[in-house]
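J.: Would you mind keeping the following structure in view while I ask a few things?
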Amino acid sequence: MTTTLFLVRHGETEFNTRGIYQGQADSPLTLEGIRQAEALAPRLARLDTCSTLYTSDLRRAEHTAELVSAPGHHKIVTDPGLRERNYGVFQGKQKKTVATEFPDVWQAYRSGNPDYVIPDGESHRQFHERVVDVMTRIADSHAGQAVAAVSHGGTLGVFMKCVLGLAVEAPRPFDVGNSSLSIVERRDGKWRIRTLGEMAHLQDMPPANQTEG
(Lines give C-alpha, C1' and ligand atoms only; values in the text may rest on other atoms or scores of the structure.)
Protein backbone atom coordinates (compact mmCIF):
# COMPACT_ATOMS: atom_id res chain seq x y z
CA MET A 1 0.00 0.00 0.00
CA THR A 2 1.45 3.34 -1.09
CA THR A 3 0.74 6.69 0.51
CA THR A 4 1.62 9.82 -1.48
CA LEU A 5 2.36 13.29 -0.12
CA PHE A 6 2.11 16.28 -2.45
CA LEU A 7 4.19 18.90 -0.65
CA VAL A 8 3.94 22.58 -1.55
CA ARG A 9 6.11 25.46 -0.40
CA HIS A 10 4.25 28.73 0.17
CA GLY A 11 4.49 31.56 -2.35
CA GLU A 12 7.04 34.36 -2.21
CA THR A 13 6.75 36.70 0.79
CA GLU A 14 7.81 40.24 1.59
CA PHE A 15 10.53 38.93 3.92
CA ASN A 16 11.83 36.64 1.14
CA THR A 17 12.36 39.63 -1.13
CA ARG A 18 13.95 41.74 1.63
CA GLY A 19 16.42 39.13 2.89
CA ILE A 20 14.89 38.87 6.36
CA TYR A 21 14.86 35.76 8.56
CA GLN A 22 11.24 34.60 8.77
CA GLY A 23 11.23 31.41 10.80
CA GLN A 24 8.03 31.38 12.82
CA ALA A 25 7.55 35.13 12.49
CA ASP A 26 5.32 35.95 9.56
CA SER A 27 5.26 38.03 6.43
CA PRO A 28 2.51 38.38 3.83
CA LEU A 29 2.69 36.94 0.35
CA THR A 30 3.81 39.39 -2.31
CA LEU A 31 1.70 39.87 -5.43
CA GLU A 32 4.20 37.57 -7.11
CA GLY A 33 3.69 35.00 -4.36
CA ILE A 34 -0.05 35.12 -4.91
CA ARG A 35 0.45 34.64 -8.66
CA GLN A 36 2.74 31.68 -8.00
CA ALA A 37 0.13 29.95 -5.85
CA GLU A 38 -2.61 30.69 -8.35
CA ALA A 39 -0.46 29.13 -11.09
CA LEU A 40 -0.14 25.94 -9.05
CA ALA A 41 -3.86 25.69 -8.20
CA PRO A 42 -5.14 24.11 -11.45
CA ARG A 43 -2.32 21.61 -11.38
CA LEU A 44 -3.11 20.53 -7.82
CA ALA A 45 -6.79 20.32 -8.71
CA ARG A 46 -5.99 17.69 -11.36
CA LEU A 47 -4.27 15.44 -8.82
CA ASP A 48 -6.27 12.74 -7.08
CA THR A 49 -5.77 14.02 -3.53
CA CYS A 50 -7.99 13.29 -0.57
CA SER A 51 -10.31 16.00 0.74
CA THR A 52 -8.00 17.08 3.59
CA LEU A 53 -5.36 19.66 2.69
CA TYR A 54 -2.87 20.25 5.51
CA THR A 55 -1.01 23.48 6.07
CA SER A 56 1.33 25.12 8.52
CA ASP A 57 -0.59 27.54 10.72
CA LEU A 58 1.72 30.43 9.78
CA ARG A 59 -0.26 32.87 7.67
CA ARG A 60 1.95 32.75 4.55
CA ALA A 61 1.32 29.01 4.31
CA GLU A 62 -2.38 29.27 5.16
CA HIS A 63 -2.86 31.92 2.47
CA THR A 64 -1.10 29.71 -0.06
CA ALA A 65 -3.29 26.76 0.97
CA GLU A 66 -6.40 28.85 0.42
CA LEU A 67 -5.18 29.78 -3.07
CA VAL A 68 -4.20 26.26 -4.18
CA SER A 69 -7.11 24.34 -2.61
CA ALA A 70 -9.83 22.98 -4.87
CA PRO A 71 -13.17 24.65 -4.01
CA GLY A 72 -15.77 22.17 -2.88
CA HIS A 73 -13.19 19.43 -2.43
CA HIS A 74 -10.45 20.40 0.00
CA LYS A 75 -10.96 21.05 3.68
CA ILE A 76 -7.98 23.00 5.01
CA VAL A 77 -6.54 21.70 8.30
CA THR A 78 -3.75 23.59 10.08
CA ASP A 79 -0.95 21.74 11.86
CA PRO A 80 1.79 23.64 13.77
CA GLY A 81 4.13 20.69 13.16
CA LEU A 82 4.45 21.95 9.57
CA ARG A 83 5.88 25.31 10.68
CA GLU A 84 9.26 26.62 9.61
CA ARG A 85 12.17 26.28 12.04
CA ASN A 86 12.02 28.63 14.99
CA TYR A 87 15.00 30.91 14.38
CA GLY A 88 14.57 32.69 17.71
CA VAL A 89 16.49 35.94 17.99
CA PHE A 90 17.23 35.94 14.24
CA GLN A 91 13.56 36.26 13.31
CA GLY A 92 12.64 39.59 11.76
CA LYS A 93 16.33 40.51 11.37
CA GLN A 94 18.19 41.21 8.16
CA LYS A 95 20.30 38.21 7.19
CA LYS A 96 23.22 40.48 6.32
CA THR A 97 23.33 41.98 9.82
CA VAL A 98 22.75 39.06 12.21
CA ALA A 99 26.41 38.01 12.21
CA THR A 100 27.43 41.41 13.61
CA GLU A 101 24.36 41.89 15.80
CA PHE A 102 24.65 38.45 17.42
CA PRO A 103 28.28 37.39 16.82
CA ASP A 104 28.46 34.62 19.44
CA VAL A 105 25.07 33.21 18.54
CA TRP A 106 25.92 33.34 14.84
CA GLN A 107 29.21 31.52 15.36
CA ALA A 108 27.50 28.77 17.37
CA TYR A 109 24.68 28.53 14.82
CA ARG A 110 27.15 28.19 11.94
CA SER A 111 29.31 25.65 13.80
CA GLY A 112 27.33 22.73 12.40
CA ASN A 113 26.32 21.44 15.83
CA PRO A 114 22.79 20.04 15.25
CA ASP A 115 21.98 20.29 18.96
CA TYR A 116 22.71 24.01 19.30
CA VAL A 117 19.52 25.80 20.29
CA ILE A 118 19.21 29.34 18.93
CA PRO A 119 18.13 31.60 21.83
CA ASP A 120 14.32 31.64 21.93
CA GLY A 121 14.34 29.15 19.06
CA GLU A 122 15.02 25.48 18.36
CA SER A 123 17.98 23.35 17.36
CA HIS A 124 18.39 21.73 13.98
CA ARG A 125 17.80 18.32 15.54
CA GLN A 126 14.62 19.47 17.32
CA PHE A 127 13.41 20.88 14.01
CA HIS A 128 14.30 17.67 12.16
CA GLU A 129 12.47 15.46 14.66
CA ARG A 130 9.37 17.66 14.60
CA VAL A 131 9.21 17.60 10.81
CA VAL A 132 9.74 13.85 10.44
CA ASP A 133 7.09 13.29 13.12
CA VAL A 134 4.44 15.43 11.39
CA MET A 135 5.08 13.94 7.95
CA THR A 136 4.85 10.42 9.37
CA ARG A 137 1.72 11.31 11.30
CA ILE A 138 0.01 12.73 8.20
CA ALA A 139 0.99 9.68 6.14
CA ASP A 140 -0.28 7.30 8.85
CA SER A 141 -3.59 9.17 8.97
CA HIS A 142 -4.08 8.74 5.22
CA ALA A 143 -2.60 5.32 4.53
CA GLY A 144 -3.07 4.32 0.91
CA GLN A 145 -4.26 7.79 -0.09
CA ALA A 146 -2.72 10.88 -1.69
CA VAL A 147 -2.71 13.98 0.48
CA ALA A 148 -1.50 17.55 -0.07
CA ALA A 149 0.24 19.78 2.46
CA VAL A 150 1.57 23.34 2.35
CA SER A 151 4.69 24.15 4.34
CA HIS A 152 8.00 26.03 4.21
CA GLY A 153 11.37 25.86 2.49
CA GLY A 154 13.31 24.82 5.56
CA THR A 155 10.66 22.34 6.66
CA LEU A 156 10.49 20.62 3.30
CA GLY A 157 14.27 20.76 2.96
CA VAL A 158 14.94 19.00 6.26
CA PHE A 159 12.37 16.33 5.44
CA MET A 160 13.85 15.67 2.00
CA LYS A 161 17.31 15.35 3.56
CA CYS A 162 15.90 12.71 5.89
CA VAL A 163 14.37 10.78 2.97
CA LEU A 164 17.69 10.98 1.13
CA GLY A 165 19.49 9.58 4.18
CA LEU A 166 21.58 12.71 4.78
CA ALA A 167 22.81 13.64 8.24
CA VAL A 168 20.84 16.21 10.20
CA GLU A 169 23.74 18.67 10.02
CA ALA A 170 24.51 18.05 6.32
CA PRO A 171 24.16 21.03 3.99
CA ARG A 172 21.15 20.93 1.70
CA PRO A 173 22.30 20.05 -1.86
CA PHE A 174 19.07 21.18 -3.54
CA ASP A 175 16.56 24.04 -3.66
CA VAL A 176 12.90 24.09 -2.69
CA GLY A 177 11.61 27.24 -4.35
CA ASN A 178 8.50 29.27 -3.60
CA SER A 179 5.29 27.43 -4.60
CA SER A 180 7.32 24.41 -5.76
CA LEU A 181 5.77 20.94 -5.73
CA SER A 182 7.53 17.90 -4.29
CA ILE A 183 6.06 14.40 -4.36
CA VAL A 184 7.06 11.79 -1.79
CA GLU A 185 5.77 8.23 -1.43
CA ARG A 186 5.70 5.95 1.60
CA ARG A 187 5.45 2.19 1.21
CA ASP A 188 6.12 -0.45 3.86
CA GLY A 189 7.39 2.27 6.19
CA LYS A 190 9.97 3.53 3.71
CA TRP A 191 9.98 6.91 1.99
CA ARG A 192 11.07 7.71 -1.54
CA ILE A 193 11.11 10.94 -3.54
CA ARG A 194 9.34 11.11 -6.90
CA THR A 195 9.91 14.82 -7.58
CA LEU A 196 11.80 17.45 -5.60
CA GLY A 197 11.12 21.19 -5.75
CA GLU A 198 9.54 20.96 -9.20
CA MET A 199 8.23 24.24 -10.65
CA ALA A 200 6.90 23.52 -14.16
CA HIS A 201 3.77 25.56 -13.39
CA LEU A 202 6.00 28.64 -13.12
CA GLN A 203 7.74 28.19 -16.47
CA ASP A 204 6.36 31.48 -17.80
CA MET A 205 7.23 33.38 -14.62
CA PRO A 206 10.60 34.61 -13.22
CA PRO A 207 12.48 32.14 -10.95
CA ALA A 208 11.15 31.97 -7.39
CA ASN A 209 13.17 33.12 -4.40
CA GLN A 210 15.24 30.24 -3.01
CA THR A 211 15.82 31.43 0.56
CA GLU A 212 14.56 29.79 3.74
CA GLY A 213 11.11 30.26 5.17
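Order determines the names: the first chain of the C-alpha coordinates is A, the second B, and so forth; residues in each chain are numbered 1 upward, and ligands are numbered 1 upward as they are shown.
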Can you pull out every residue from segment 34-128 of chain A that DSSP, working from the backbone, puts in strand (DSSP E), and format the result as a count of residues only?

T.: 8

J.: Need the shell around Val147 of chain A: protein/DNA/RNA residues with any atom at most 9 Å away, counting only C-alpha atoms. Skip same-chain ones fewer than 4 positions apart. Format as a list in words?

T.: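 In the requested form, the answer reads Thr3, Thr4, Leu5, Phe6, Leu7, Asp48, Thr49, Cys50, Ser51, Thr52, Leu53, Tyr54, Ile138, Ala139 and His142 of chain A.
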
J.: Keeping only N, CA, C and O atoms, write the selected residues to a file as a CSV table (one decimal), in the first residue's frame.

T.:
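Output file out.csv follows:
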```csv
chain,number,residue,atom,x,y,z
A,3,THR,N,1.3,5.4,0.1
A,3,THR,CA,0.7,6.7,0.5
A,3,THR,C,1.6,7.8,-0.2
A,3,THR,O,2.8,7.7,-0.2
A,4,THR,N,0.9,8.8,-0.7
A,4,THR,CA,1.6,9.8,-1.5
A,4,THR,C,1.4,11.2,-0.8
A,4,THR,O,0.2,11.5,-0.5
A,5,LEU,N,2.5,11.9,-0.6
A,5,LEU,CA,2.4,13.3,-0.1
A,5,LEU,C,2.7,14.2,-1.2
A,5,LEU,O,3.8,14.1,-1.8
A,6,PHE,N,1.8,15.2,-1.5
A,6,PHE,CA,2.1,16.3,-2.5
A,6,PHE,C,2.4,17.5,-1.6
A,6,PHE,O,1.6,18.1,-0.9
A,7,LEU,N,3.7,17.9,-1.6
A,7,LEU,CA,4.2,18.9,-0.6
A,7,LEU,C,4.5,20.2,-1.4
A,7,LEU,O,5.3,20.3,-2.3
A,48,ASP,N,-5.2,13.5,-7.8
A,48,ASP,CA,-6.3,12.7,-7.1
A,48,ASP,C,-5.9,12.7,-5.6
A,48,ASP,O,-5.6,11.7,-5.0
A,49,THR,N,-6.1,13.9,-5.0
A,49,THR,CA,-5.8,14.0,-3.5
A,49,THR,C,-7.0,13.8,-2.7
A,49,THR,O,-8.1,14.1,-3.2
A,50,CYS,N,-6.8,13.4,-1.5
A,50,CYS,CA,-8.0,13.3,-0.6
A,50,CYS,C,-8.5,14.7,-0.2
A,50,CYS,O,-7.9,15.7,-0.6
A,51,SER,N,-9.6,14.7,0.5
A,51,SER,CA,-10.3,16.0,0.7
A,51,SER,C,-9.6,16.9,1.8
A,51,SER,O,-9.9,18.1,1.9
A,52,THR,N,-8.7,16.3,2.6
A,52,THR,CA,-8.0,17.1,3.6
A,52,THR,C,-6.7,17.7,3.0
A,52,THR,O,-5.9,17.0,2.4
A,53,LEU,N,-6.6,19.0,3.1
A,53,LEU,CA,-5.4,19.7,2.7
A,53,LEU,C,-4.7,20.3,3.9
A,53,LEU,O,-5.3,21.1,4.6
A,54,TYR,N,-3.6,19.8,4.3
A,54,TYR,CA,-2.9,20.2,5.5
A,54,TYR,C,-2.0,21.5,5.2
A,54,TYR,O,-1.5,21.7,4.1
A,138,ILE,N,0.9,12.5,9.3
A,138,ILE,CA,0.0,12.7,8.2
A,138,ILE,C,-0.1,11.5,7.3
A,138,ILE,O,-1.2,11.1,6.9
A,139,ALA,N,1.0,10.9,7.0
A,139,ALA,CA,1.0,9.7,6.1
A,139,ALA,C,0.2,8.6,6.8
A,139,ALA,O,-0.6,7.9,6.2
A,142,HIS,N,-3.5,8.8,6.6
A,142,HIS,CA,-4.1,8.7,5.2
A,142,HIS,C,-3.4,7.6,4.5
A,142,HIS,O,-3.1,7.7,3.3
```

J.: Could you tell me which of A:Leu181, A:Ile34, A:Val131, A:Val168 comes closest to Thr155 of chain A if we count only C-alpha atoms?

T.: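 Of A:Leu181, A:Ile34, A:Val131, A:Val168, the one nearest Thr155 of chain A is A:Val131, counting only C-alpha atoms.
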
J.: To one decimal place in Å, what is the distance between atom CA of Thr13 of chain A and atom CA of Val134 of chain A?

T.: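 Separation of atom CA of Thr13 of chain A and atom CA of Val134 of chain A: 23.9 Å.
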
J.: Tell me, in Å to one decimal, how far atom CA of Asp120 of chain A is from atom CA of Pro103 of chain A.

T.: 15.9 Å

J.: Enumerate the residues of segment 21-175 of chain A with a DSSP assignment of alpha helix (DSSP H), computed from the backbone, and present them as a ChimeraX atom specification.

T.: /A:31-45,59-68,98-101,103-109,124-141,153-163

J.: Show me, as an MDAnalysis selection string, the residues that have an atom within 12 Å of segment 183-195 of chain A when counting only C-alpha atoms, minus same-chain residues fewer than 4 positions from it.

T.: chainID A and resid 1:9 44 47 49 132 135:140 142:149 156 159:165 174 176 199:200

J.: Write the residues you've just listed into a file as a short mmCIF file (atom, residue, chain, number, x, y, z; two decimals), in the first residue's frame, and include N, CA and C atoms for each of them.

T.:
```
data_model
loop_
_atom_site.label_atom_id
_atom_site.label_comp_id
_atom_site.auth_asym_id
_atom_site.auth_seq_id
_atom_site.Cartn_x
_atom_site.Cartn_y
_atom_site.Cartn_z
N MET A 1 0.85 -1.20 0.00
CA MET A 1 0.00 0.00 0.00
C MET A 1 0.88 1.25 0.00
N THR A 2 0.63 2.14 -0.94
CA THR A 2 1.45 3.34 -1.09
C THR A 2 0.67 4.58 -0.68
N THR A 3 1.30 5.40 0.13
CA THR A 3 0.74 6.69 0.51
C THR A 3 1.58 7.78 -0.16
N THR A 4 0.93 8.77 -0.74
CA THR A 4 1.62 9.82 -1.48
C THR A 4 1.39 11.17 -0.84
N LEU A 5 2.46 11.91 -0.62
CA LEU A 5 2.36 13.29 -0.12
C LEU A 5 2.73 14.25 -1.24
N PHE A 6 1.83 15.18 -1.53
CA PHE A 6 2.11 16.28 -2.45
C PHE A 6 2.44 17.50 -1.59
N LEU A 7 3.70 17.89 -1.58
CA LEU A 7 4.19 18.90 -0.65
C LEU A 7 4.49 20.20 -1.38
N VAL A 8 3.86 21.27 -0.91
CA VAL A 8 3.94 22.58 -1.55
C VAL A 8 4.64 23.57 -0.62
N ARG A 9 5.57 24.34 -1.17
CA ARG A 9 6.11 25.46 -0.40
C ARG A 9 5.25 26.69 -0.68
N LEU A 44 -2.76 21.31 -9.01
CA LEU A 44 -3.11 20.53 -7.82
C LEU A 44 -4.53 19.98 -7.93
N LEU A 47 -4.82 16.59 -9.53
CA LEU A 47 -4.27 15.44 -8.82
C LEU A 47 -5.35 14.79 -7.97
N THR A 49 -6.06 13.91 -4.96
CA THR A 49 -5.77 14.02 -3.53
C THR A 49 -7.03 13.84 -2.71
N VAL A 132 9.91 15.28 10.77
CA VAL A 132 9.74 13.85 10.44
C VAL A 132 8.50 13.30 11.14
N MET A 135 5.25 14.59 9.24
CA MET A 135 5.08 13.94 7.95
C MET A 135 4.64 12.48 8.12
N THR A 136 5.22 11.81 9.10
CA THR A 136 4.85 10.42 9.37
C THR A 136 3.42 10.35 9.88
N ARG A 137 3.08 11.29 10.73
CA ARG A 137 1.72 11.31 11.30
C ARG A 137 0.67 11.54 10.21
N ILE A 138 0.94 12.47 9.30
CA ILE A 138 0.01 12.73 8.20
C ILE A 138 -0.12 11.50 7.31
N ALA A 139 1.02 10.89 6.99
CA ALA A 139 0.99 9.68 6.14
C ALA A 139 0.22 8.56 6.81
N ASP A 140 0.42 8.36 8.12
CA ASP A 140 -0.28 7.30 8.85
C ASP A 140 -1.79 7.55 8.89
N HIS A 142 -3.50 8.84 6.56
CA HIS A 142 -4.08 8.74 5.22
C HIS A 142 -3.43 7.58 4.46
N ALA A 143 -3.25 6.47 5.15
CA ALA A 143 -2.60 5.32 4.53
C ALA A 143 -3.31 4.90 3.25
N GLY A 144 -2.53 4.74 2.19
CA GLY A 144 -3.07 4.32 0.91
C GLY A 144 -3.70 5.44 0.09
N GLN A 145 -3.67 6.65 0.61
CA GLN A 145 -4.26 7.79 -0.09
C GLN A 145 -3.17 8.74 -0.58
N ALA A 146 -3.60 9.77 -1.31
CA ALA A 146 -2.72 10.88 -1.69
C ALA A 146 -3.21 12.11 -0.96
N VAL A 147 -2.32 12.83 -0.32
CA VAL A 147 -2.71 13.98 0.48
C VAL A 147 -1.76 15.13 0.22
N ALA A 148 -2.30 16.35 0.18
CA ALA A 148 -1.50 17.55 -0.07
C ALA A 148 -1.25 18.30 1.23
N ALA A 149 -0.10 18.96 1.29
CA ALA A 149 0.24 19.78 2.46
C ALA A 149 1.07 20.97 2.02
N LEU A 156 10.44 21.60 4.38
CA LEU A 156 10.49 20.62 3.30
C LEU A 156 11.93 20.18 3.04
N PHE A 159 13.03 17.61 5.67
CA PHE A 159 12.37 16.33 5.44
C PHE A 159 12.99 15.59 4.25
N MET A 160 13.26 16.31 3.18
CA MET A 160 13.85 15.67 2.00
C MET A 160 15.26 15.14 2.31
N LYS A 161 16.00 15.86 3.14
CA LYS A 161 17.31 15.35 3.56
C LYS A 161 17.17 14.04 4.31
N CYS A 162 16.15 13.95 5.16
CA CYS A 162 15.90 12.71 5.89
C CYS A 162 15.60 11.57 4.92
N VAL A 163 14.72 11.82 3.95
CA VAL A 163 14.37 10.78 2.97
C VAL A 163 15.60 10.34 2.19
N LEU A 164 16.48 11.29 1.88
CA LEU A 164 17.69 10.98 1.13
C LEU A 164 18.77 10.32 1.98
N GLY A 165 18.53 10.22 3.29
CA GLY A 165 19.49 9.58 4.18
C GLY A 165 20.66 10.46 4.56
N PHE A 174 20.15 20.96 -2.59
CA PHE A 174 19.07 21.18 -3.54
C PHE A 174 18.27 22.40 -3.09
N VAL A 176 14.35 24.27 -2.76
CA VAL A 176 12.90 24.09 -2.69
C VAL A 176 12.30 25.48 -2.84
N MET A 199 8.89 22.95 -10.47
CA MET A 199 8.23 24.24 -10.65
C MET A 199 7.76 24.45 -12.09
N ALA A 200 7.32 23.40 -12.76
CA ALA A 200 6.90 23.52 -14.16
C ALA A 200 5.76 24.52 -14.34
#
```

J.: Just give me the gap between atom CA of Ala170 of chain A and atom CA of Arg83 of chain A in Å, one decimal is fine.

T.: 20.5 Å

J.: Out of A:Gly121, A:Pro80, A:Gly112, A:Gly23, which residue has the shortest atom-to-atom distance to Lys93 of chain A when counting only C-alpha atoms?

T.: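 Counting only C-alpha atoms, the residue closest to Lys93 of chain A is A:Gly23.
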
J.: Which residue gives the smallest distance to Pro28 of chain A among A:Thr64, A:Thr55, A:Asn178, A:Thr100, with only C-alpha atoms counted?

T.: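 Of all the options, A:Thr64 lies closest to Pro28 of chain A.
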
J.: List as a Markdown table every residue of segment 94-116 of chain A that is in contact with segment 124-127 of chain A, defined as an atom at most 9 Å from one of its atoms (using only C-alpha atoms), together with the nearest atom pair and the distance in Å rounded to one decimal, sorted by chain and then rising number.

T.:
```
| residue | atom | partner | partner_atom | distance |
| --- | --- | --- | --- | --- |
| A:Asn113 | CA | A:His124 | CA | 8.1 |
| A:Pro114 | CA | A:His124 | CA | 4.9 |
| A:Asp115 | CA | A:Arg125 | CA | 5.8 |
| A:Tyr116 | CA | A:His124 | CA | 7.2 |
```
